file my_file_34.cif (mmCIF, C-alpha atoms and all ligand atoms)
data_run
#
loop_
_atom_site.label_atom_id
_atom_site.label_comp_id
_atom_site.auth_asym_id
_atom_site.auth_seq_id
_atom_site.Cartn_x
_atom_site.Cartn_y
_atom_site.Cartn_z
CA MET A 190 143.30 87.59 65.46
CA ASN A 191 145.28 90.69 64.57
CA SER A 192 145.00 92.15 61.13
CA VAL A 193 148.23 93.20 59.42
CA THR A 194 147.71 96.84 60.41
CA ASP A 195 147.14 95.96 64.11
CA THR A 196 150.46 94.23 64.36
CA PRO A 197 152.97 96.67 65.83
CA ALA A 198 156.05 97.51 63.80
CA LEU A 199 158.10 96.90 66.94
CA GLU A 200 157.39 95.24 70.24
CA VAL A 201 159.97 95.06 72.97
CA ARG A 202 158.80 92.70 75.68
CA ARG A 203 160.35 92.70 79.15
CA LEU A 204 163.81 93.30 77.78
CA THR A 205 166.82 93.20 80.07
CA THR A 206 170.20 94.04 78.58
CA GLY A 207 173.47 95.81 79.27
CA TYR A 208 177.19 95.65 78.83
CA GLY A 209 179.08 92.75 80.38
CA GLU A 210 178.21 92.56 84.05
CA SER A 211 176.38 95.87 84.00
CA THR A 212 172.63 95.80 83.38
CA VAL A 213 171.35 98.99 81.77
CA LEU A 214 167.74 98.19 80.81
CA ARG A 215 165.59 96.20 83.20
CA ASP A 216 162.39 94.44 82.21
CA LEU A 217 161.60 97.13 79.66
CA SER A 218 158.57 96.95 77.37
CA LEU A 219 157.82 99.34 74.51
CA THR A 220 155.70 99.34 71.35
CA VAL A 221 155.93 101.24 68.08
CA PRO A 222 152.63 100.83 66.21
CA ALA A 223 152.60 100.14 62.48
CA GLY A 224 153.10 103.50 60.78
CA GLY A 225 153.56 105.18 64.17
CA VAL A 226 156.13 107.69 65.34
CA VAL A 227 157.35 107.25 68.90
CA ALA A 228 159.73 109.51 70.83
CA LEU A 229 162.12 107.96 73.31
CA LEU A 230 163.26 110.59 75.80
CA GLY A 231 165.19 110.79 79.02
CA PRO A 232 168.29 112.20 80.65
CA ASN A 233 171.84 111.38 79.60
CA GLY A 234 172.77 107.85 80.45
CA ALA A 235 169.15 106.69 80.82
CA GLY A 236 169.65 103.91 78.28
CA LYS A 237 168.07 105.31 75.09
CA THR A 238 170.98 104.40 72.82
CA THR A 239 171.27 101.04 74.54
CA LEU A 240 167.64 100.32 73.67
CA LEU A 241 168.15 101.22 70.00
CA ARG A 242 171.22 98.99 69.93
CA ALA A 243 169.26 96.11 71.42
CA VAL A 244 166.53 96.55 68.81
CA SER A 245 168.94 96.68 65.87
CA GLY A 246 170.83 93.65 67.19
CA LEU A 247 174.09 95.35 68.11
CA LEU A 248 173.54 94.32 71.71
CA PRO A 249 172.15 90.92 72.69
CA ALA A 250 169.21 90.60 75.07
CA GLN A 251 169.95 89.08 78.49
CA SER A 252 166.25 88.26 78.72
CA GLY A 253 163.01 89.33 77.07
CA GLN A 254 161.96 89.53 73.46
CA VAL A 255 162.12 91.85 70.46
CA LEU A 256 159.45 91.41 67.79
CA MET A 257 159.20 93.15 64.46
CA GLY A 258 155.89 93.03 62.62
CA GLY A 259 154.90 90.20 64.98
CA ARG A 260 157.99 88.13 64.22
CA THR A 261 160.52 87.38 66.94
CA ILE A 262 163.93 88.76 66.04
CA THR A 263 165.51 88.48 69.50
CA ASN A 264 168.03 85.89 68.46
CA ILE A 265 168.88 87.00 64.95
CA ARG A 266 171.99 89.02 64.22
CA ALA A 267 172.21 92.69 63.29
CA HIS A 268 172.70 92.18 59.54
CA GLU A 269 169.71 89.82 59.43
CA ARG A 270 167.59 92.35 61.32
CA ALA A 271 168.69 94.96 58.78
CA ARG A 272 167.57 92.63 56.02
CA ALA A 273 164.26 92.21 57.83
CA GLY A 274 163.77 95.99 57.62
CA VAL A 275 165.29 97.47 60.79
CA CYS A 276 167.39 100.51 60.02
CA HIS A 277 169.40 102.18 62.78
CA VAL A 278 170.83 105.66 62.19
CA PRO A 279 173.31 105.89 65.08
CA GLU A 280 174.22 109.12 66.84
CA GLY A 281 176.82 110.93 64.74
CA GLY A 282 177.30 107.94 62.42
CA GLY A 283 175.62 105.80 59.81
CA ILE A 284 177.99 106.77 57.00
CA PHE A 285 181.33 105.57 55.65
CA PRO A 286 183.52 108.70 55.76
CA SER A 287 186.17 107.48 53.33
CA LEU A 288 183.62 106.69 50.61
CA THR A 289 181.97 109.28 48.40
CA VAL A 290 178.37 110.33 48.92
CA ARG A 291 177.33 108.34 45.85
CA GLU A 292 179.18 105.23 47.08
CA ASN A 293 177.49 105.51 50.47
CA LEU A 294 174.12 105.53 48.74
CA VAL A 295 174.82 102.91 46.10
CA MET A 296 176.02 100.37 48.66
CA GLN A 297 172.54 100.42 50.21
CA ALA A 298 170.84 99.76 46.88
CA ILE A 299 169.52 96.47 45.63
CA PRO A 300 171.47 95.18 42.59
CA GLY A 301 170.32 97.15 39.56
CA GLY A 302 168.77 99.84 41.75
CA GLU A 303 171.86 102.01 42.12
CA ALA A 304 170.65 104.95 40.02
CA GLU A 305 167.25 104.91 41.69
CA ALA A 306 168.90 104.87 45.14
CA THR A 307 170.83 108.01 44.30
CA GLU A 308 167.72 109.69 42.88
CA ARG A 309 165.71 108.87 45.98
CA ALA A 310 168.37 110.28 48.25
CA VAL A 311 168.74 113.45 46.21
CA ALA A 312 164.98 113.91 46.12
CA ALA A 313 165.02 113.64 49.93
CA PHE A 314 167.92 116.08 50.41
CA PRO A 315 168.75 118.02 47.22
CA ILE A 316 172.07 119.31 48.63
CA LEU A 317 173.41 115.75 48.38
CA GLY A 318 173.03 115.99 44.61
CA ASP A 319 175.80 118.62 44.52
CA ARG A 320 178.05 116.47 46.68
CA LEU A 321 177.82 113.03 45.05
CA ARG A 322 181.55 112.82 44.28
CA GLN A 323 182.66 114.24 47.60
CA ARG A 324 184.01 112.02 50.36
CA ALA A 325 181.36 111.69 53.04
CA GLY A 326 183.91 112.48 55.76
CA THR A 327 184.39 115.98 54.30
CA LEU A 328 180.69 116.90 54.46
CA SER A 329 179.36 119.33 57.06
CA GLY A 330 177.75 117.83 60.16
CA GLY A 331 174.27 118.55 58.80
CA GLN A 332 175.04 117.05 55.40
CA ARG A 333 176.42 113.92 57.07
CA ARG A 334 173.22 113.57 59.05
CA MET A 335 171.21 114.00 55.85
CA LEU A 336 173.33 111.37 54.12
CA ALA A 337 172.90 108.89 56.98
CA ILE A 338 169.13 109.34 56.91
CA ALA A 339 169.01 109.26 53.11
CA ALA A 340 171.07 106.04 53.08
CA ALA A 341 168.54 104.52 55.48
CA HIS A 342 165.68 105.73 53.28
CA VAL A 343 167.23 104.04 50.24
CA ARG A 344 166.69 100.71 51.99
CA ASN A 345 163.01 101.53 52.49
CA PRO A 346 163.07 100.30 56.09
CA ALA A 347 160.00 98.99 57.86
CA LEU A 348 161.32 100.43 61.10
CA LEU A 349 163.63 103.44 61.33
CA LEU A 350 165.57 104.02 64.56
CA VAL A 351 167.01 107.54 64.65
CA ASP A 352 169.44 108.41 67.43
CA GLU A 353 169.86 112.17 67.83
CA ALA A 354 168.67 113.51 64.50
CA SER A 355 169.36 117.11 65.43
CA LEU A 356 172.16 117.23 68.00
CA GLY A 357 174.68 119.97 67.22
CA LEU A 358 173.03 121.07 63.97
CA ALA A 359 171.87 124.51 62.85
CA PRO A 360 168.10 125.09 63.24
CA ILE A 361 167.56 125.37 59.47
CA VAL A 362 169.22 121.98 58.92
CA VAL A 363 167.22 120.43 61.75
CA GLU A 364 164.06 121.77 60.11
CA GLU A 365 164.97 120.16 56.80
CA ILE A 366 165.71 116.83 58.47
CA PHE A 367 162.45 116.83 60.41
CA ASP A 368 160.50 117.87 57.30
CA PHE A 369 161.86 114.77 55.59
CA LEU A 370 161.14 112.52 58.58
CA ARG A 371 157.58 113.91 58.57
CA ARG A 372 157.24 112.92 54.92
CA LEU A 373 158.47 109.41 55.74
CA ALA A 374 155.99 109.20 58.59
CA ALA A 375 153.20 110.36 56.27
CA ASP A 376 154.16 107.44 54.04
CA ARG A 377 153.51 105.15 57.03
CA ALA A 378 157.11 104.41 58.00
CA ALA A 379 157.36 103.40 61.66
CA ILE A 380 159.90 105.58 63.45
CA LEU A 381 161.45 105.42 66.92
CA ILE A 382 163.29 108.66 67.53
CA VAL A 383 165.68 109.72 70.28
CA ASP A 384 166.34 113.44 70.42
CA GLN A 385 167.84 115.76 73.03
CA PHE A 386 165.35 118.39 71.85
CA ALA A 387 162.41 116.81 73.59
CA VAL A 388 159.90 119.43 72.43
CA ARG A 389 160.71 118.87 68.79
CA ALA A 390 160.55 115.11 69.16
CA LEU A 391 157.19 115.36 70.91
CA GLU A 392 155.80 117.66 68.24
CA PHE A 393 156.81 115.05 65.68
CA ALA A 394 155.69 111.89 67.51
CA GLN A 395 152.26 110.56 68.41
CA SER A 396 153.41 108.84 71.57
CA ALA A 397 156.36 108.91 73.90
CA TYR A 398 158.31 106.95 76.43
CA VAL A 399 160.51 108.54 79.05
CA LEU A 400 163.35 106.43 80.29
CA ARG A 401 165.17 107.00 83.57
CA LYS A 402 167.94 104.73 84.82
CA GLY A 403 166.93 102.00 82.42
CA GLU A 404 163.24 101.98 83.33
CA ILE A 405 160.19 103.51 81.68
CA VAL A 406 158.76 106.26 83.88
CA PHE A 407 156.26 107.66 81.35
CA ASP A 408 154.36 105.97 78.55
CA GLY A 409 151.61 107.92 76.85
CA GLY A 410 150.53 110.42 74.21
CA ALA A 411 153.14 112.91 73.02
CA GLU A 412 150.66 115.76 73.48
CA ASP A 413 149.87 114.64 77.02
CA LEU A 414 153.53 114.95 77.90
CA LEU A 415 154.15 118.14 75.94
CA GLY A 416 151.22 120.09 77.25
CA SER A 417 151.40 119.29 80.93
CA ASP A 418 153.47 119.54 84.08
CA LEU A 419 154.60 116.01 83.34
CA PHE A 420 157.13 117.46 80.90
CA SER A 421 159.09 119.31 83.58
CA HIS A 422 158.47 116.50 86.02
CA TYR A 423 160.13 113.95 83.79
CA LEU A 424 162.44 116.01 81.64
CA GLY A 425 163.35 118.79 84.03
CA ALA A 426 162.74 121.82 81.84
CA PRO A 427 159.52 123.54 80.77
CA PRO A 428 158.91 123.90 77.02
CA ILE A 429 159.29 127.66 76.48
CA PRO A 430 158.81 128.67 72.83
CA GLY A 431 161.95 130.03 71.20
CA ALA A 432 164.25 128.80 73.94
CA ASP A 433 166.46 125.76 73.80
CA LEU A 434 164.86 124.31 76.87
CA GLY A 435 163.69 121.06 75.37
CA ARG A 436 166.97 119.44 76.32
CA PRO A 437 166.45 116.89 79.08
CA ARG A 438 168.61 117.38 82.12
CA PRO A 439 170.01 114.74 84.42
N1 LIG A 501 179.80 100.36 75.38
C1 LIG A 501 179.44 100.50 76.68
N2 LIG A 501 180.04 99.78 77.66
C2 LIG A 501 179.66 99.92 78.95
N3 LIG A 501 178.70 100.75 79.39
C3 LIG A 501 178.08 101.50 78.46
C4 LIG A 501 178.41 101.41 77.06
N4 LIG A 501 177.61 102.28 76.38
C5 LIG A 501 176.83 102.86 77.31
N5 LIG A 501 177.10 102.41 78.55
C6 LIG A 501 176.43 102.79 79.79
O1 LIG A 501 175.07 102.46 79.67
C7 LIG A 501 174.27 103.47 80.28
C8 LIG A 501 173.23 103.96 79.28
O2 LIG A 501 173.92 104.61 78.21
P1 LIG A 501 173.17 105.06 76.89
O3 LIG A 501 174.21 105.58 75.96
O4 LIG A 501 172.28 104.00 76.44
O5 LIG A 501 172.28 106.26 77.45
P2 LIG A 501 171.50 107.39 76.68
O6 LIG A 501 170.17 107.52 77.35
O7 LIG A 501 171.50 107.12 75.23
O8 LIG A 501 172.38 108.66 77.02
P3 LIG A 501 172.86 109.91 76.10
O9 LIG A 501 171.68 110.82 76.03
O10 LIG A 501 173.97 110.48 76.93
O11 LIG A 501 173.31 109.38 74.77
C9 LIG A 501 175.20 104.55 80.79
O12 LIG A 501 175.43 104.32 82.16
C10 LIG A 501 176.47 104.30 80.00
O13 LIG A 501 177.60 104.68 80.74
#
call {"tool": "encode", "arguments": {"input": "my_file_34.cif", "output": "structure tokens", "more": "lines below"}}
Ligand SMILES: Nc1ncnc2c1ncn2[C@@H]1O[C@H](COP(=O)(O)OP(=O)(O)OP(=O)(O)O)[C@@H](O)[C@H]1O
result
Amino acid sequence: MNSVTDTPALEVRRLTTGYGESTVLRDLSLTVPAGGVVALLGPNGAGKTTLLRAVSGLLPAQSGQVLMGGRTITNIRAHERARAGVCHVPEGGGIFPSLTVRENLVMQAIPGGEAEATERAVAAFPILGDRLRQRAGTLSGGQRRMLAIAAAHVRNPALLLVDEASLGLAPIVVEEIFDFLRRLAADRAAILIVDQFAVRALEFAQSAYVLRKGEIVFDGGAEDLLGSDLFSHYLGAPPIPGADLGRPRP
């Protein structure tokens, strides 16, 4: 019998899903260990976002199963999955632009925990402390990303799904975001991360999956992928230090 720590944070078993008549993911299986960080990589259109949506319940499974902490969540709705501890930070979103920064944070708090929620978020990203009364829609791109991740952090999720943490952001902002994600990971949060900057994601993760046309073509250690010819084989560009070549190509 599994102990609590052996039970993966997330198990996707033979999942098939898509949009209407179009199937995007076929028979896909993936595991995020408890406290593990997993990178999900692949070219544009491979199905990475679709997988995150299927895990967070925004997209129903056509077949297969999704389990969180050993419990089947395949048939429960997105808000119930969120209550169960799944937190999805979508690409370019995850905030309410017309609300202030403080309101975005407070709405994630448990009743009575509003002040603590704000404190937690500001401790994660101090710049948010200077922006609490500002409408989230008027923040810079980097600050919006920080707010989306901080709002997720407020809920103390068991499983964090981060879609494109760094896309379009200045390197210094990306560094700050990854520093925080590293701290979360050190606190044993399970994280499934999609990032166009494959090298950065692989440096952050312990293991990786590469998706192509809805199917897993690589499943293994992040270092195995990073330090070998497999990287260019699967992701099309060699990791050259200092160059923005971590971006997967179609
Ligand atoms: N709402 C939708 N309706 C129909 N098809 C969709 C929808 N969203 C995505 N698709 C299709 O599903 C496939 C996978 O898209 P998805 O966004 O999951 O890929 P991705 O790997 O995240 O790509 P990217 O890196 O460009 O974000 C693509 O062929 C895309 O056109």
call {"tool": "residues_near_ligand", "arguments": {"input": "my_file_34.cif", "ligand": "ligand LIG 501 (chain A)", "cutoff": "10 Å", "atoms": "all atoms listed in the file", "output": "VMD selection string"}}
result
chain A and resid 206 to 214 229 to 243 248 280 352 to 353 383 to 385 399 to 403 436 to 439
call {"tool": "atom_distance", "arguments": {"input": "my_file_34.cif", "atom1": "CA of Gln395 in chain A", "atom2": "CA of Ala271 in chain A"}}
result
24.6 Å
call {"tool": "residues_around", "arguments": {"input": "my_file_34.cif", "residues": "Glu308 in chain A", "least_positions_apart": "5", "cutoff": "10 Å", "atoms": "only C-alpha atoms", "output": "list in words"}}
result
Leu294, Gly302, Glu303, Ala313, Phe314, Pro315, Leu317, Gly318 and Val343 of chain A
call {"tool": "atom_distance", "arguments": {"input": "my_file_34.cif", "atom1": "CA of Phe393 in chain A", "atom2": "CA of Phe285 in chain A"}}
result
28.1 Å
call {"tool": "closest_residue", "arguments": {"input": "my_file_34.cif", "among": "A:Ile382, A:Ala394, A:Ala273, A:Ala312", "to": "Thr261 in chain A", "atoms": "all atoms listed in the file"}}
result
A:Ala273
call {"tool": "residues_around", "arguments": {"input": "my_file_34.cif", "residues": "Arg377 in chain A", "least_positions_apart": "4", "cutoff": "8 Å", "atoms": "only C-alpha atoms", "output": "ChimeraX atom specification"}}
result
/A:223-225,373
call {"tool": "write_last_selection", "arguments": {"input": "my_file_34.cif", "atoms": "C-alpha atoms", "output": "compact mmCIF listing (two decimals), in the coordinates of the input"}}
result
# COMPACT_ATOMS: atom_id res chain seq x y z
CA ALA A 223 152.60 100.14 62.48
CA GLY A 224 153.10 103.50 60.78
CA GLY A 225 153.56 105.18 64.17
CA LEU A 373 158.47 109.41 55.74
call {"tool": "residues_around", "arguments": {"input": "my_file_34.cif", "residues": "Glu305 in chain A", "least_positions_apart": "6", "cutoff": "12 Å", "atoms": "only C-alpha atoms", "output": "count of residues only"}}
result
11
call {"tool": "atom_distance", "arguments": {"input": "my_file_34.cif", "atom1": "CA of Leu256 in chain A", "atom2": "CA of Ala228 in chain A"}}
result
18.4 Å
call {"tool": "residues_around", "arguments": {"input": "my_file_34.cif", "residues": "Gly253 in chain A", "least_positions_apart": "4", "cutoff": "7 Å", "atoms": "only C-alpha atoms", "output": "PDB file with C-alpha atoms, keeping the file's coordinate frame"}}
result
ATOM      1  CA  ARG A 202     158.800  92.700  75.680  1.00  0.00           C
ATOM      2  CA  ARG A 203     160.350  92.700  79.150  1.00  0.00           C
ATOM      3  CA  LEU A 204     163.810  93.300  77.780  1.00  0.00           C
ATOM      4  CA  THR A 205     166.820  93.200  80.070  1.00  0.00           C
TER       5      THR A 205
END
call {"tool": "residues_near_point", "arguments": {"input": "my_file_34.cif", "point": "(161.0, 98.0, 86.1)", "cutoff": "8 Å", "atoms": "all atoms listed in the file", "output": "VMD selection string"}}
result
chain A and resid 215 to 217 404 to 405
call {"tool": "write_last_selection", "arguments": {"input": "my_file_34.cif", "atoms": "C-alpha atoms", "output": "compact mmCIF listing (two decimals), keeping the file's coordinate frame"}}
result
# COMPACT_ATOMS: atom_id res chain seq x y z
CA ARG A 215 165.59 96.20 83.20
CA ASP A 216 162.39 94.44 82.21
CA LEU A 217 161.60 97.13 79.66
CA GLU A 404 163.24 101.98 83.33
CA ILE A 405 160.19 103.51 81.68
call {"tool": "closest_residue", "arguments": {"input": "my_file_34.cif", "among": "A:Glu392, A:Glu200, A:Asp368, A:Asp376", "to": "Leu414 in chain A", "atoms": "all atoms listed in the file"}}
result
A:Glu392
call {"tool": "closest_residue", "arguments": {"input": "my_file_34.cif", "among": "A:Ala341, A:Val290, A:Leu247, A:Val275", "to": "Leu370 in chain A", "atoms": "all atoms listed in the file"}}
result
A:Ala341
call {"tool": "residues_near_point", "arguments": {"input": "my_file_34.cif", "point": "(180.4, 102.4, 57.4)", "cutoff": "12 Å", "atoms": "all atoms listed in the file", "output": "number ranges by chain"}}
result
A: 278-279, 281-290, 292-294, 296-297, 325-326, 336-337, 340
call {"tool": "decode", "arguments": {"input": "my_file_34.cif", "residues": "range 388-407 of chain A", "atoms": "N, CA and C atoms", "output": "PDB file, in the first residue's frame"}}
result
ATOM      1  N   VAL A 388      14.839  25.679 -21.563  1.00  0.00           N
ATOM      2  CA  VAL A 388      16.032  25.517 -20.720  1.00  0.00           C
ATOM      3  C   VAL A 388      15.724  25.926 -19.283  1.00  0.00           C
ATOM      4  N   ARG A 389      15.064  27.048 -19.152  1.00  0.00           N
ATOM      5  CA  ARG A 389      14.738  27.537 -17.811  1.00  0.00           C
ATOM      6  C   ARG A 389      13.800  26.555 -17.092  1.00  0.00           C
ATOM      7  N   ALA A 390      12.821  26.074 -17.816  1.00  0.00           N
ATOM      8  CA  ALA A 390      11.886  25.131 -17.198  1.00  0.00           C
ATOM      9  C   ALA A 390      12.607  23.854 -16.776  1.00  0.00           C
ATOM     10  N   LEU A 391      13.552  23.413 -17.594  1.00  0.00           N
ATOM     11  CA  LEU A 391      14.267  22.177 -17.270  1.00  0.00           C
ATOM     12  C   LEU A 391      15.239  22.376 -16.111  1.00  0.00           C
ATOM     13  N   GLU A 392      15.777  23.590 -15.999  1.00  0.00           N
ATOM     14  CA  GLU A 392      16.669  23.865 -14.859  1.00  0.00           C
ATOM     15  C   GLU A 392      15.878  23.887 -13.549  1.00  0.00           C
ATOM     16  N   PHE A 393      14.600  24.207 -13.665  1.00  0.00           N
ATOM     17  CA  PHE A 393      13.727  24.327 -12.499  1.00  0.00           C
ATOM     18  C   PHE A 393      13.130  22.972 -12.103  1.00  0.00           C
ATOM     19  N   ALA A 394      12.826  22.149 -13.097  1.00  0.00           N
ATOM     20  CA  ALA A 394      12.081  20.902 -12.861  1.00  0.00           C
ATOM     21  C   ALA A 394      13.004  19.723 -12.569  1.00  0.00           C
ATOM     22  N   GLN A 395      12.428  18.698 -11.955  1.00  0.00           N
ATOM     23  CA  GLN A 395      13.165  17.435 -11.805  1.00  0.00           C
ATOM     24  C   GLN A 395      12.922  16.513 -12.993  1.00  0.00           C
ATOM     25  N   SER A 396      11.730  16.557 -13.532  1.00  0.00           N
ATOM     26  CA  SER A 396      11.427  15.675 -14.657  1.00  0.00           C
ATOM     27  C   SER A 396      10.649  16.436 -15.717  1.00  0.00           C
ATOM     28  N   ALA A 397      10.555  15.815 -16.881  1.00  0.00           N
ATOM     29  CA  ALA A 397       9.942  16.522 -18.003  1.00  0.00           C
ATOM     30  C   ALA A 397       9.183  15.571 -18.910  1.00  0.00           C
ATOM     31  N   TYR A 398       8.185  16.146 -19.533  1.00  0.00           N
ATOM     32  CA  TYR A 398       7.470  15.468 -20.613  1.00  0.00           C
ATOM     33  C   TYR A 398       7.556  16.376 -21.833  1.00  0.00           C
ATOM     34  N   VAL A 399       7.780  15.770 -22.986  1.00  0.00           N
ATOM     35  CA  VAL A 399       7.681  16.538 -24.230  1.00  0.00           C
ATOM     36  C   VAL A 399       6.483  16.004 -25.001  1.00  0.00           C
ATOM     37  N   LEU A 400       5.671  16.946 -25.400  1.00  0.00           N
ATOM     38  CA  LEU A 400       4.425  16.630 -26.094  1.00  0.00           C
ATOM     39  C   LEU A 400       4.581  17.037 -27.553  1.00  0.00           C
ATOM     40  N   ARG A 401       4.151  16.170 -28.447  1.00  0.00           N
ATOM     41  CA  ARG A 401       4.108  16.544 -29.869  1.00  0.00           C
ATOM     42  C   ARG A 401       2.812  16.009 -30.449  1.00  0.00           C
ATOM     43  N   LYS A 402       2.058  16.875 -31.070  1.00  0.00           N
ATOM     44  CA  LYS A 402       0.773  16.488 -31.674  1.00  0.00           C
ATOM     45  C   LYS A 402      -0.076  15.650 -30.731  1.00  0.00           C
ATOM     46  N   GLY A 403      -0.135  16.093 -29.474  1.00  0.00           N
ATOM     47  CA  GLY A 403      -1.026  15.458 -28.521  1.00  0.00           C
ATOM     48  C   GLY A 403      -0.525  14.163 -27.916  1.00  0.00           C
ATOM     49  N   GLU A 404       0.732  13.789 -28.229  1.00  0.00           N
ATOM     50  CA  GLU A 404       1.261  12.552 -27.656  1.00  0.00           C
ATOM     51  C   GLU A 404       2.595  12.822 -26.976  1.00  0.00           C
ATOM     52  N   ILE A 405       2.865  12.053 -25.922  1.00  0.00           N
ATOM     53  CA  ILE A 405       4.134  12.199 -25.207  1.00  0.00           C
ATOM     54  C   ILE A 405       5.237  11.527 -26.032  1.00  0.00           C
ATOM     55  N   VAL A 406       6.283  12.311 -26.359  1.00  0.00           N
ATOM     56  CA  VAL A 406       7.398  11.719 -27.109  1.00  0.00           C
ATOM     57  C   VAL A 406       8.644  11.597 -26.232  1.00  0.00           C
ATOM     58  N   PHE A 407       8.651  12.255 -25.088  1.00  0.00           N
ATOM     59  CA  PHE A 407       9.751  12.089 -24.114  1.00  0.00           C
ATOM     60  C   PHE A 407       9.178  12.166 -22.722  1.00  0.00           C
TER      61      PHE A 407
END
